[in-house]
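Here is the structure we will look at, set down as structure tokens.
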Amino acid sequence: MTKILVLVFAILALCACVYGRSVPQLRTIYMGDSIFDVGTNKYVKNSVSRCDFVPYGKTRYNQPSGRCSDGFLIPDLINKVIGLPFSKPFLGLKGGSQLPLSINFASDGSGLLDSTHSDWGVVSFNEQLKQLGQLANKIPMMNLNDFVVVISSGGNDIAANLQNLANVDLEAMLVLLEKGLEQLYKYGFRKIVYSSLGPLGCVPIVTSDGNCVREINDLVEQFNWQARAIVLGVAKKFPGMRGAFVDGYSLIKSYVENPNKFGFQNGGGCCPNCLSHKNTLSGLCKNPSDYVFWDLIHPTEHTYTLVTKEFMKQIKKIL
């Protein structure tokens, strides 16, 4: 009987080792623009691209948190599913403190190109890569594989030129995306998830009578198609690299075109004046979850919640 008890305790001890602290902790890193920015915009000196004023965050927070929506963003929702605390803005981390399980580099207004909204005081994708390099140097190489790097970048490069699409340099954007993914591999990260650009031709700031602008969406589709090939191609090129592409474009476009089918009442925006610091809250809707978009550009938490399901499918594929 004693030998049996010893064997049982030995098995339990082994299970504790396998399923306990020795198992790597899944962590997340977020890069990109306002779709992922959970507050970086509050820490950028003289930034004019911010969402830390009323009524942003009204659904979930007592005060604006810097999130460009009525409530949670995709990083918040992903972390909730995984069981991680909300990501912390890299620029808000204090030196010497323990690194959080989820770190956020995304900056409202940021683009793949350094020139995109450079006069707005935003952190470009290239600058975010440099910041991530600083972080990677502080983490043992063996632990970098614990991280899933999730990226949403490129939308602002097109959005900054909606009045003249001929100025959009898709080739330069795609080159920088590929170089960025390769740099992440050199740092030691092995799990990458890239989000497609959203249907910019369907955002309230450009739509007419609820109809999406075909010319803008055609350009976005062209970028997404090539970006997907790059993400999956880089994953095949480097040993141990795993890459996934999230097609949020098709999902959000379908919500705008058939809102009732997906639980929305309106394919437009809840808060038409929210982008202005001096907004009067005129026209602010009572229930943001009825709308696909929160303001003239950014989706509502309801939209993000639906899209996050696709993110989780893709993340599971590369674990």
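Labels for the structure tokens follow display order: chains A, B, ..., residues from 1 in each chain, ligands from 1.
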
Find the residues of segment 187-295 of chain A that sit at most 10 Å from segment 49-66 of chain A; for each, write down the nearest two atoms and how far apart they are in Å, to one decimal. Count only C-alpha atoms. Sort by chain, then by number going up, and give it as JSON lines.
{"residue": "A:Cys271", "atom": "CA", "partner": "A:Pro55", "partner_atom": "CA", "distance": 8.9}
{"residue": "A:Cys274", "atom": "CA", "partner": "A:Pro55", "partner_atom": "CA", "distance": 7.2}
{"residue": "A:Leu275", "atom": "CA", "partner": "A:Cys51", "partner_atom": "CA", "distance": 7.8}
{"residue": "A:Ser276", "atom": "CA", "partner": "A:Phe53", "partner_atom": "CA", "distance": 9.3}
{"residue": "A:His277", "atom": "CA", "partner": "A:Phe53", "partner_atom": "CA", "distance": 6.8}
{"residue": "A:Lys278", "atom": "CA", "partner": "A:Phe53", "partner_atom": "CA", "distance": 9.5}
{"residue": "A:Asn279", "atom": "CA", "partner": "A:Val54", "partner_atom": "CA", "distance": 8.7}
{"residue": "A:Thr280", "atom": "CA", "partner": "A:Val54", "partner_atom": "CA", "distance": 9.9}
{"residue": "A:Leu281", "atom": "CA", "partner": "A:Pro55", "partner_atom": "CA", "distance": 7.8}
{"residue": "A:Leu284", "atom": "CA", "partner": "A:Pro55", "partner_atom": "CA", "distance": 9.1}
{"residue": "A:Asn287", "atom": "CA", "partner": "A:Thr59", "partner_atom": "CA", "distance": 9.0}
{"residue": "A:Pro288", "atom": "CA", "partner": "A:Thr59", "partner_atom": "CA", "distance": 8.0}
{"residue": "A:Ser289", "atom": "CA", "partner": "A:Thr59", "partner_atom": "CA", "distance": 9.3}
{"residue": "A:Trp294", "atom": "CA", "partner": "A:Tyr56", "partner_atom": "CA", "distance": 8.9}
{"residue": "A:Asp295", "atom": "CA", "partner": "A:Tyr56", "partner_atom": "CA", "distance": 9.3}

How would the residues just chosen look if you wrote them out with N, CA, C and O atoms as a PDB file, in the first residue's frame?
ATOM      1  N   CYS A 271     -21.263  57.819 -33.135  1.00  0.00           N
ATOM      2  CA  CYS A 271     -20.880  59.139 -32.630  1.00  0.00           C
ATOM      3  C   CYS A 271     -20.197  59.952 -33.735  1.00  0.00           C
ATOM      4  O   CYS A 271     -18.969  59.945 -33.849  1.00  0.00           O
ATOM      5  N   CYS A 274     -17.327  62.452 -32.604  1.00  0.00           N
ATOM      6  CA  CYS A 274     -16.384  62.017 -31.564  1.00  0.00           C
ATOM      7  C   CYS A 274     -14.912  62.293 -31.878  1.00  0.00           C
ATOM      8  O   CYS A 274     -14.103  62.397 -30.960  1.00  0.00           O
ATOM      9  N   LEU A 275     -14.553  62.380 -33.135  1.00  0.00           N
ATOM     10  CA  LEU A 275     -13.138  62.582 -33.471  1.00  0.00           C
ATOM     11  C   LEU A 275     -12.616  63.940 -33.025  1.00  0.00           C
ATOM     12  O   LEU A 275     -11.413  64.139 -32.906  1.00  0.00           O
ATOM     13  N   SER A 276     -13.496  64.859 -32.765  1.00  0.00           N
ATOM     14  CA  SER A 276     -13.088  66.206 -32.363  1.00  0.00           C
ATOM     15  C   SER A 276     -13.030  66.333 -30.843  1.00  0.00           C
ATOM     16  O   SER A 276     -13.949  65.932 -30.138  1.00  0.00           O
ATOM     17  N   HIS A 277     -11.930  66.877 -30.343  1.00  0.00           N
ATOM     18  CA  HIS A 277     -11.805  67.121 -28.908  1.00  0.00           C
ATOM     19  C   HIS A 277     -12.894  68.083 -28.436  1.00  0.00           C
ATOM     20  O   HIS A 277     -13.239  68.106 -27.250  1.00  0.00           O
ATOM     21  N   LYS A 278     -13.407  68.885 -29.348  1.00  0.00           N
ATOM     22  CA  LYS A 278     -14.416  69.881 -28.996  1.00  0.00           C
ATOM     23  C   LYS A 278     -15.822  69.410 -29.367  1.00  0.00           C
ATOM     24  O   LYS A 278     -16.724  70.204 -29.564  1.00  0.00           O
ATOM     25  N   ASN A 279     -15.999  68.090 -29.442  1.00  0.00           N
ATOM     26  CA  ASN A 279     -17.315  67.586 -29.857  1.00  0.00           C
ATOM     27  C   ASN A 279     -18.384  67.975 -28.840  1.00  0.00           C
ATOM     28  O   ASN A 279     -18.123  68.102 -27.640  1.00  0.00           O
ATOM     29  N   THR A 280     -19.567  68.129 -29.338  1.00  0.00           N
ATOM     30  CA  THR A 280     -20.708  68.515 -28.500  1.00  0.00           C
ATOM     31  C   THR A 280     -21.561  67.309 -28.131  1.00  0.00           C
ATOM     32  O   THR A 280     -22.596  67.448 -27.488  1.00  0.00           O
ATOM     33  N   LEU A 281     -21.109  66.134 -28.555  1.00  0.00           N
ATOM     34  CA  LEU A 281     -21.841  64.879 -28.342  1.00  0.00           C
ATOM     35  C   LEU A 281     -23.177  64.881 -29.065  1.00  0.00           C
ATOM     36  O   LEU A 281     -24.056  64.069 -28.786  1.00  0.00           O
ATOM     37  N   LEU A 284     -24.977  61.555 -30.513  1.00  0.00           N
ATOM     38  CA  LEU A 284     -24.457  60.351 -29.870  1.00  0.00           C
ATOM     39  C   LEU A 284     -25.595  59.359 -29.628  1.00  0.00           C
ATOM     40  O   LEU A 284     -26.602  59.691 -29.012  1.00  0.00           O
ATOM     41  N   ASN A 287     -27.224  53.365 -27.709  1.00  0.00           N
ATOM     42  CA  ASN A 287     -26.704  52.007 -27.597  1.00  0.00           C
ATOM     43  C   ASN A 287     -25.659  51.741 -28.678  1.00  0.00           C
ATOM     44  O   ASN A 287     -26.001  51.362 -29.800  1.00  0.00           O
ATOM     45  N   PRO A 288     -24.364  51.918 -28.376  1.00  0.00           N
ATOM     46  CA  PRO A 288     -23.309  51.741 -29.376  1.00  0.00           C
ATOM     47  C   PRO A 288     -23.303  50.355 -30.020  1.00  0.00           C
ATOM     48  O   PRO A 288     -22.906  50.217 -31.183  1.00  0.00           O
ATOM     49  N   SER A 289     -23.737  49.325 -29.290  1.00  0.00           N
ATOM     50  CA  SER A 289     -23.694  47.969 -29.844  1.00  0.00           C
ATOM     51  C   SER A 289     -24.638  47.780 -31.020  1.00  0.00           C
ATOM     52  O   SER A 289     -24.556  46.780 -31.739  1.00  0.00           O
ATOM     53  N   TRP A 294     -18.118  53.112 -34.178  1.00  0.00           N
ATOM     54  CA  TRP A 294     -18.294  53.993 -33.031  1.00  0.00           C
ATOM     55  C   TRP A 294     -18.289  55.455 -33.476  1.00  0.00           C
ATOM     56  O   TRP A 294     -19.211  56.204 -33.220  1.00  0.00           O
ATOM     57  N   ASP A 295     -17.210  55.839 -34.177  1.00  0.00           N
ATOM     58  CA  ASP A 295     -17.128  57.207 -34.707  1.00  0.00           C
ATOM     59  C   ASP A 295     -17.084  57.133 -36.228  1.00  0.00           C
ATOM     60  O   ASP A 295     -17.601  56.189 -36.818  1.00  0.00           O
TER      61      ASP A 295
END

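By only C-alpha atoms, and with residues fewer than 2 positions from Lys317 of chain A along its chain excluded, the set lying at most 12 Å from it is Val148, Lys191, Ile192, Val193, Arg242, Gly243, Ala244, Phe245, Val246, Glu310, Phe311, Met312, Lys313, Gln314, Ile315 and Leu319 of chain A.
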
Give one line per residue of segment 20-51 of chain A that approaches segment 93-97 of chain A to at most 12 Å, naming the two atoms of the closest pair and their distance in Å to one decimal, counting only C-alpha atoms; sort by chain then ascending residue number and deliver it as a Markdown table.
| residue | atom | partner | partner_atom | distance |
| --- | --- | --- | --- | --- |
| A:Gly39 | CA | A:Leu93 | CA | 11.6 |
| A:Thr40 | CA | A:Leu93 | CA | 10.5 |
| A:Tyr43 | CA | A:Leu93 | CA | 10.3 |

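Among the candidates A:Cys68, A:Leu162, A:Val292, A:Ile252, the residue lying nearest to Gln265 of chain A is A:Val292 (atoms considered: only C-alpha atoms).
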
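Nearest to Pro85 of chain A of all the residues A:Gln134, A:Ser34, A:Thr28, A:Thr303 is A:Thr28, counting only C-alpha atoms.
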
Report the residues of segment 140-318 of chain A whose backbone DSSP state falls under helix (DSSP H, G or I), written as a compact mmCIF listing (two decimals) with N, CA, C and O atoms, in the first residue's frame.
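Here's the written file result-v2.txt:
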# COMPACT_ATOMS: atom_id res chain seq x y z
N MET A 141 16.35 34.43 -24.90
CA MET A 141 15.94 33.95 -26.22
C MET A 141 14.94 32.80 -26.13
O MET A 141 13.97 32.73 -26.89
N MET A 142 15.13 31.91 -25.17
CA MET A 142 14.27 30.75 -25.06
C MET A 142 12.83 31.13 -24.70
O MET A 142 11.90 30.37 -24.95
N ASN A 143 12.65 32.31 -24.11
CA ASN A 143 11.31 32.73 -23.70
C ASN A 143 10.58 33.54 -24.77
O ASN A 143 9.38 33.80 -24.64
N LEU A 144 11.27 33.97 -25.81
CA LEU A 144 10.62 34.77 -26.85
C LEU A 144 9.55 33.98 -27.58
O LEU A 144 8.59 34.55 -28.10
N ASN A 145 9.72 32.65 -27.58
CA ASN A 145 8.73 31.82 -28.29
C ASN A 145 7.42 31.73 -27.52
O ASN A 145 6.44 31.19 -28.02
N ASP A 146 7.38 32.27 -26.30
CA ASP A 146 6.14 32.30 -25.54
C ASP A 146 5.18 33.35 -26.09
O ASP A 146 3.98 33.32 -25.80
N GLY A 155 -3.44 50.56 -42.47
CA GLY A 155 -4.68 51.26 -42.79
C GLY A 155 -4.52 52.76 -42.89
O GLY A 155 -5.11 53.40 -43.77
N ASN A 156 -3.71 53.34 -42.02
CA ASN A 156 -3.54 54.79 -42.03
C ASN A 156 -2.76 55.28 -43.24
O ASN A 156 -2.89 56.44 -43.65
N ASP A 157 -1.93 54.41 -43.82
CA ASP A 157 -1.18 54.80 -45.03
C ASP A 157 -2.14 55.09 -46.18
O ASP A 157 -1.87 55.93 -47.03
N ILE A 158 -3.24 54.36 -46.20
CA ILE A 158 -4.27 54.60 -47.22
C ILE A 158 -5.23 55.68 -46.76
O ILE A 158 -5.59 56.58 -47.53
N ALA A 159 -5.63 55.63 -45.49
CA ALA A 159 -6.59 56.61 -44.97
C ALA A 159 -6.06 58.04 -45.08
O ALA A 159 -6.84 58.98 -45.26
N LEU A 165 -6.01 58.87 -53.97
CA LEU A 165 -5.51 57.50 -53.84
C LEU A 165 -4.25 57.24 -54.66
O LEU A 165 -3.50 56.30 -54.37
N ALA A 166 -4.00 58.08 -55.65
CA ALA A 166 -2.80 57.91 -56.47
C ALA A 166 -1.53 58.09 -55.64
O ALA A 166 -0.45 57.65 -56.04
N ASN A 167 -1.66 58.76 -54.50
CA ASN A 167 -0.50 58.99 -53.65
C ASN A 167 -0.15 57.79 -52.77
O ASN A 167 0.90 57.78 -52.12
N LEU A 170 1.57 51.41 -52.45
CA LEU A 170 1.36 50.05 -51.96
C LEU A 170 2.66 49.25 -51.95
O LEU A 170 2.91 48.47 -51.03
N GLU A 171 3.48 49.43 -52.97
CA GLU A 171 4.73 48.67 -53.06
C GLU A 171 5.62 48.96 -51.85
O GLU A 171 6.18 48.04 -51.24
N ALA A 172 5.76 50.23 -51.49
CA ALA A 172 6.59 50.61 -50.34
C ALA A 172 6.01 50.03 -49.06
O ALA A 172 6.75 49.56 -48.18
N MET A 173 4.69 50.05 -48.92
CA MET A 173 4.03 49.50 -47.74
C MET A 173 4.32 48.01 -47.60
O MET A 173 4.66 47.52 -46.51
N LEU A 174 4.21 47.28 -48.70
CA LEU A 174 4.42 45.84 -48.67
C LEU A 174 5.87 45.48 -48.40
O LEU A 174 6.17 44.52 -47.68
N VAL A 175 6.79 46.27 -48.95
CA VAL A 175 8.22 46.05 -48.70
C VAL A 175 8.52 46.21 -47.21
O VAL A 175 9.24 45.39 -46.60
N LEU A 176 7.98 47.25 -46.61
CA LEU A 176 8.23 47.51 -45.20
C LEU A 176 7.57 46.45 -44.31
O LEU A 176 8.11 46.08 -43.27
N LEU A 177 6.41 45.96 -44.73
CA LEU A 177 5.76 44.89 -43.99
C LEU A 177 6.65 43.65 -43.97
O LEU A 177 6.88 43.05 -42.90
N GLU A 178 7.14 43.26 -45.13
CA GLU A 178 7.98 42.07 -45.21
C GLU A 178 9.27 42.23 -44.40
O GLU A 178 9.67 41.32 -43.66
N LYS A 179 9.90 43.39 -44.51
CA LYS A 179 11.11 43.65 -43.73
C LYS A 179 10.82 43.61 -42.23
O LYS A 179 11.62 43.12 -41.44
N GLY A 180 9.66 44.13 -41.85
CA GLY A 180 9.28 44.13 -40.44
C GLY A 180 9.11 42.72 -39.90
O GLY A 180 9.56 42.41 -38.79
N LEU A 181 8.46 41.85 -40.67
CA LEU A 181 8.26 40.47 -40.24
C LEU A 181 9.59 39.74 -40.13
O LEU A 181 9.80 38.94 -39.20
N GLU A 182 10.48 40.00 -41.07
CA GLU A 182 11.80 39.39 -41.03
C GLU A 182 12.59 39.88 -39.81
O GLU A 182 13.33 39.11 -39.18
N GLN A 183 12.40 41.15 -39.45
CA GLN A 183 13.09 41.69 -38.28
C GLN A 183 12.57 41.03 -37.00
O GLN A 183 13.34 40.75 -36.08
N LEU A 184 11.29 40.78 -36.95
CA LEU A 184 10.73 40.10 -35.79
C LEU A 184 11.35 38.71 -35.62
O LEU A 184 11.62 38.27 -34.50
N TYR A 185 11.57 38.04 -36.74
CA TYR A 185 12.21 36.73 -36.69
C TYR A 185 13.63 36.84 -36.16
O TYR A 185 14.08 36.03 -35.34
N LYS A 186 14.35 37.86 -36.62
CA LYS A 186 15.73 38.06 -36.16
C LYS A 186 15.78 38.34 -34.66
O LYS A 186 16.72 37.94 -33.97
N TYR A 187 14.77 39.03 -34.15
CA TYR A 187 14.71 39.28 -32.71
C TYR A 187 14.52 37.99 -31.93
O TYR A 187 14.91 37.90 -30.77
N LEU A 200 -11.93 50.29 -45.75
CA LEU A 200 -11.89 51.75 -45.59
C LEU A 200 -12.91 52.47 -46.46
O LEU A 200 -13.30 53.60 -46.17
N GLY A 201 -13.33 51.81 -47.51
CA GLY A 201 -14.35 52.40 -48.36
C GLY A 201 -15.74 52.34 -47.75
O GLY A 201 -16.70 52.86 -48.32
N CYS A 202 -15.86 51.70 -46.58
CA CYS A 202 -17.16 51.56 -45.92
C CYS A 202 -17.26 52.36 -44.63
O CYS A 202 -18.31 52.35 -43.98
N ARG A 214 -16.27 51.91 -53.81
CA ARG A 214 -15.62 50.78 -54.48
C ARG A 214 -14.13 51.04 -54.75
O ARG A 214 -13.28 50.16 -54.56
N GLU A 215 -13.80 52.23 -55.19
CA GLU A 215 -12.42 52.54 -55.56
C GLU A 215 -11.48 52.36 -54.37
O GLU A 215 -10.37 51.83 -54.51
N ILE A 216 -11.93 52.79 -53.20
CA ILE A 216 -11.09 52.67 -51.99
C ILE A 216 -10.96 51.21 -51.60
O ILE A 216 -9.86 50.72 -51.30
N ASN A 217 -12.06 50.49 -51.59
CA ASN A 217 -12.02 49.09 -51.20
C ASN A 217 -11.21 48.24 -52.17
O ASN A 217 -10.57 47.26 -51.77
N ASP A 218 -11.24 48.58 -53.45
CA ASP A 218 -10.43 47.85 -54.42
C ASP A 218 -8.95 47.95 -54.07
O ASP A 218 -8.19 46.98 -54.17
N LEU A 219 -8.52 49.15 -53.66
CA LEU A 219 -7.12 49.36 -53.29
C LEU A 219 -6.79 48.57 -52.02
O LEU A 219 -5.71 47.95 -51.93
N VAL A 220 -7.70 48.58 -51.06
CA VAL A 220 -7.50 47.82 -49.83
C VAL A 220 -7.41 46.33 -50.12
O VAL A 220 -6.54 45.62 -49.57
N GLU A 221 -8.27 45.83 -50.98
CA GLU A 221 -8.26 44.41 -51.33
C GLU A 221 -6.94 44.03 -52.00
O GLU A 221 -6.39 42.95 -51.76
N GLN A 222 -6.44 44.93 -52.84
CA GLN A 222 -5.17 44.67 -53.52
C GLN A 222 -4.05 44.53 -52.49
O GLN A 222 -3.20 43.64 -52.59
N PHE A 223 -4.03 45.43 -51.51
CA PHE A 223 -3.01 45.35 -50.47
C PHE A 223 -3.17 44.07 -49.65
O PHE A 223 -2.19 43.35 -49.39
N ASN A 224 -4.39 43.78 -49.23
CA ASN A 224 -4.63 42.61 -48.39
C ASN A 224 -4.20 41.32 -49.07
O ASN A 224 -3.63 40.42 -48.44
N TRP A 225 -4.51 41.21 -50.34
CA TRP A 225 -4.16 40.00 -51.09
C TRP A 225 -2.65 39.78 -51.09
O TRP A 225 -2.16 38.66 -50.88
N GLN A 226 -1.89 40.85 -51.33
CA GLN A 226 -0.43 40.74 -51.37
C GLN A 226 0.16 40.60 -49.96
O GLN A 226 1.15 39.90 -49.76
N ALA A 227 -0.46 41.26 -48.98
CA ALA A 227 0.02 41.16 -47.60
C ALA A 227 -0.13 39.74 -47.08
O ALA A 227 0.76 39.23 -46.38
N ARG A 228 -1.23 39.11 -47.42
CA ARG A 228 -1.45 37.72 -46.99
C ARG A 228 -0.35 36.81 -47.55
O ARG A 228 0.19 35.96 -46.83
N ALA A 229 -0.02 37.02 -48.81
CA ALA A 229 1.03 36.21 -49.43
C ALA A 229 2.37 36.43 -48.74
O ALA A 229 3.15 35.49 -48.55
N ILE A 230 2.64 37.66 -48.33
CA ILE A 230 3.89 37.96 -47.64
C ILE A 230 3.95 37.30 -46.28
O ILE A 230 4.95 36.68 -45.90
N VAL A 231 2.86 37.42 -45.51
CA VAL A 231 2.83 36.85 -44.16
C VAL A 231 3.03 35.34 -44.21
O VAL A 231 3.85 34.78 -43.47
N LEU A 232 2.30 34.67 -45.07
CA LEU A 232 2.41 33.22 -45.17
C LEU A 232 3.75 32.81 -45.80
O LEU A 232 4.32 31.78 -45.46
N GLY A 233 4.25 33.66 -46.73
CA GLY A 233 5.53 33.37 -47.37
C GLY A 233 6.70 33.47 -46.41
O GLY A 233 7.61 32.63 -46.42
N VAL A 234 6.71 34.49 -45.58
CA VAL A 234 7.77 34.66 -44.58
C VAL A 234 7.76 33.49 -43.60
O VAL A 234 8.81 33.00 -43.17
N ALA A 235 6.56 33.03 -43.23
CA ALA A 235 6.44 31.91 -42.30
C ALA A 235 7.07 30.64 -42.88
O ALA A 235 7.66 29.84 -42.15
N LYS A 236 6.93 30.45 -44.19
CA LYS A 236 7.52 29.28 -44.84
C LYS A 236 9.03 29.44 -45.04
O LYS A 236 9.78 28.46 -45.04
N LYS A 237 9.46 30.67 -45.18
CA LYS A 237 10.86 30.96 -45.50
C LYS A 237 11.80 30.68 -44.33
O LYS A 237 12.93 30.20 -44.52
N GLY A 248 -10.20 40.37 -41.53
CA GLY A 248 -11.23 41.18 -40.91
C GLY A 248 -11.98 42.03 -41.92
O GLY A 248 -13.12 42.45 -41.67
N TYR A 249 -11.35 42.26 -43.06
CA TYR A 249 -11.96 43.07 -44.12
C TYR A 249 -13.33 42.52 -44.53
O TYR A 249 -14.33 43.23 -44.53
N SER A 250 -13.37 41.24 -44.87
CA SER A 250 -14.61 40.63 -45.36
C SER A 250 -15.69 40.63 -44.28
O SER A 250 -16.87 40.83 -44.56
N LEU A 251 -15.26 40.40 -43.04
CA LEU A 251 -16.22 40.36 -41.94
C LEU A 251 -16.90 41.71 -41.74
O LEU A 251 -18.13 41.80 -41.72
N ILE A 252 -16.09 42.76 -41.58
CA ILE A 252 -16.66 44.08 -41.31
C ILE A 252 -17.48 44.58 -42.50
O ILE A 252 -18.53 45.21 -42.33
N LYS A 253 -17.02 44.30 -43.70
CA LYS A 253 -17.77 44.71 -44.90
C LYS A 253 -19.15 44.05 -44.91
O LYS A 253 -20.16 44.68 -45.26
N SER A 254 -19.21 42.80 -44.48
CA SER A 254 -20.50 42.10 -44.44
C SER A 254 -21.41 42.68 -43.36
O SER A 254 -22.63 42.72 -43.53
N TYR A 255 -20.81 43.17 -42.25
CA TYR A 255 -21.62 43.79 -41.20
C TYR A 255 -22.26 45.09 -41.71
O TYR A 255 -23.42 45.38 -41.40
N VAL A 256 -21.49 45.85 -42.48
CA VAL A 256 -21.99 47.12 -43.01
C VAL A 256 -23.10 46.88 -44.03
O VAL A 256 -24.12 47.57 -44.03
N GLU A 257 -22.90 45.88 -44.86
CA GLU A 257 -23.86 45.61 -45.94
C GLU A 257 -25.12 44.90 -45.45
O GLU A 257 -26.20 45.09 -46.03
N PRO A 259 -26.31 44.65 -41.77
CA PRO A 259 -26.20 44.83 -40.32
C PRO A 259 -27.15 43.97 -39.50
O PRO A 259 -26.75 43.38 -38.49
N ASN A 260 -28.40 43.87 -39.90
CA ASN A 260 -29.39 43.11 -39.12
C ASN A 260 -29.04 41.63 -39.00
O ASN A 260 -29.32 40.99 -37.98
N LYS A 261 -28.40 41.11 -40.00
CA LYS A 261 -28.02 39.70 -40.02
C LYS A 261 -27.02 39.38 -38.91
O LYS A 261 -26.97 38.24 -38.42
N PHE A 262 -26.24 40.37 -38.50
CA PHE A 262 -25.18 40.14 -37.51
C PHE A 262 -25.46 40.82 -36.16
O PHE A 262 -24.57 40.98 -35.34
N PRO A 288 -24.36 51.92 -28.38
CA PRO A 288 -23.31 51.74 -29.38
C PRO A 288 -23.30 50.36 -30.02
O PRO A 288 -22.91 50.22 -31.18
N SER A 289 -23.74 49.32 -29.29
CA SER A 289 -23.69 47.97 -29.84
C SER A 289 -24.64 47.78 -31.02
O SER A 289 -24.56 46.78 -31.74
N ASP A 290 -25.52 48.75 -31.24
CA ASP A 290 -26.42 48.68 -32.40
C ASP A 290 -25.70 49.08 -33.68
O ASP A 290 -26.23 48.87 -34.78
N GLU A 301 -17.21 48.19 -29.90
CA GLU A 301 -16.80 46.96 -29.20
C GLU A 301 -17.56 45.76 -29.75
O GLU A 301 -17.01 44.66 -29.85
N HIS A 302 -18.83 45.95 -30.09
CA HIS A 302 -19.63 44.85 -30.64
C HIS A 302 -18.98 44.29 -31.91
O HIS A 302 -18.85 43.07 -32.08
N THR A 303 -18.55 45.18 -32.78
CA THR A 303 -17.88 44.75 -34.01
C THR A 303 -16.58 44.02 -33.68
O THR A 303 -16.29 42.95 -34.23
N TYR A 304 -15.79 44.59 -32.78
CA TYR A 304 -14.53 43.96 -32.39
C TYR A 304 -14.75 42.59 -31.78
O TYR A 304 -13.96 41.66 -31.98
N THR A 305 -15.84 42.44 -31.02
CA THR A 305 -16.12 41.15 -30.39
C THR A 305 -16.35 40.07 -31.44
O THR A 305 -15.84 38.95 -31.31
N LEU A 306 -17.07 40.40 -32.49
CA LEU A 306 -17.32 39.44 -33.56
C LEU A 306 -16.03 39.10 -34.32
O LEU A 306 -15.75 37.94 -34.62
N VAL A 307 -15.23 40.12 -34.61
CA VAL A 307 -13.99 39.92 -35.36
C VAL A 307 -12.96 39.13 -34.54
O VAL A 307 -12.18 38.35 -35.09
N THR A 308 -12.97 39.31 -33.22
CA THR A 308 -12.01 38.63 -32.36
C THR A 308 -12.13 37.11 -32.47
O THR A 308 -11.15 36.38 -32.31
N LYS A 309 -13.31 36.62 -32.76
CA LYS A 309 -13.49 35.17 -32.93
C LYS A 309 -12.60 34.65 -34.06
O LYS A 309 -12.04 33.55 -33.96
N GLU A 310 -12.46 35.44 -35.12
CA GLU A 310 -11.59 35.04 -36.23
C GLU A 310 -10.13 35.12 -35.82
O GLU A 310 -9.31 34.28 -36.22
N PHE A 311 -9.79 36.13 -35.03
CA PHE A 311 -8.42 36.23 -34.53
C PHE A 311 -8.06 34.98 -33.72
O PHE A 311 -6.97 34.42 -33.87
N MET A 312 -8.97 34.54 -32.87
CA MET A 312 -8.69 33.39 -32.03
C MET A 312 -8.52 32.11 -32.87
O MET A 312 -7.68 31.26 -32.57
N LYS A 313 -9.29 31.98 -33.95
CA LYS A 313 -9.13 30.82 -34.83
C LYS A 313 -7.73 30.78 -35.41
O LYS A 313 -7.09 29.73 -35.49
N GLN A 314 -7.25 31.96 -35.85
CA GLN A 314 -5.93 32.03 -36.47
C GLN A 314 -4.81 31.84 -35.44
O GLN A 314 -3.78 31.23 -35.73
N ILE A 315 -4.99 32.39 -34.25
CA ILE A 315 -3.98 32.25 -33.22
C ILE A 315 -3.82 30.78 -32.84
O ILE A 315 -2.69 30.28 -32.67
N LYS A 316 -4.92 30.06 -32.71
CA LYS A 316 -4.86 28.65 -32.33
C LYS A 316 -4.09 27.82 -33.37
O LYS A 316 -3.47 26.82 -33.04
N LYS A 317 -4.14 28.27 -34.63
CA LYS A 317 -3.47 27.52 -35.69
C LYS A 317 -1.95 27.55 -35.56
O LYS A 317 -1.26 26.66 -36.06
N ILE A 318 -1.41 28.60 -34.91
CA ILE A 318 0.04 28.73 -34.86
C ILE A 318 0.63 28.39 -33.49
O ILE A 318 1.85 28.52 -33.28

Excluding Asp108 of chain A and any residue of its chain fewer than 5 positions from it, enumerate the residues within 12 Å of it, using only C-alpha atoms, and give them as a PyMOL selection string.
chain A and resi 31-44+47-52+66-69+89+116-118+120-125+152-156+297-298

Just to confirm, what's the straight-line distance from atom CA of Gly268 of chain A to atom CA of Leu73 of chain A in Å (one decimal)?
18.2 Å

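Taking only segment 148-297 of chain A, the residues that DSSP calls strand (DSSP E or B) from the backbone come to Val148, Val149, Val150, Ile151, Ser152, Lys191, Ile192, Val193, Tyr194, Ser195, Ser208, Asn211, Arg242, Gly243, Ala244, Phe245, Val246, Asn266, Gly267, Gly268, Gly269, Tyr291, Val292 and Phe293 of chain A.
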
Since we have the selection now, will you write its residues out, keeping C-alpha atoms, as an mmCIF file, in the first residue's frame?
data_model
loop_
_atom_site.group_PDB
_atom_site.id
_atom_site.type_symbol
_atom_site.label_atom_id
_atom_site.label_comp_id
_atom_site.auth_asym_id
_atom_site.auth_seq_id
_atom_site.Cartn_x
_atom_site.Cartn_y
_atom_site.Cartn_z
ATOM 1 C CA VAL A 148 2.329 35.755 -30.073
ATOM 2 C CA VAL A 149 2.937 39.022 -31.968
ATOM 3 C CA VAL A 150 -0.332 40.412 -33.359
ATOM 4 C CA ILE A 151 -0.130 43.273 -35.872
ATOM 5 C CA SER A 152 -2.627 45.728 -37.340
ATOM 6 C CA LYS A 191 4.507 33.364 -33.849
ATOM 7 C CA ILE A 192 3.080 36.213 -35.975
ATOM 8 C CA VAL A 193 -0.543 37.136 -36.683
ATOM 9 C CA TYR A 194 -1.274 39.940 -39.144
ATOM 10 C CA SER A 195 -4.664 41.583 -39.513
ATOM 11 C CA SER A 208 -22.542 58.119 -49.179
ATOM 12 C CA ASN A 211 -22.899 52.638 -49.872
ATOM 13 C CA ARG A 242 4.538 30.426 -37.881
ATOM 14 C CA GLY A 243 2.340 33.030 -39.508
ATOM 15 C CA ALA A 244 -1.393 33.631 -39.776
ATOM 16 C CA PHE A 245 -3.510 36.189 -41.622
ATOM 17 C CA VAL A 246 -6.853 37.442 -40.297
ATOM 18 C CA ASN A 266 -27.166 50.342 -38.285
ATOM 19 C CA GLY A 267 -24.091 49.931 -40.499
ATOM 20 C CA GLY A 268 -22.925 53.482 -39.789
ATOM 21 C CA GLY A 269 -21.387 55.295 -36.833
ATOM 22 C CA TYR A 291 -23.789 50.230 -34.691
ATOM 23 C CA VAL A 292 -20.907 48.768 -36.682
ATOM 24 C CA PHE A 293 -18.801 51.894 -36.120
#
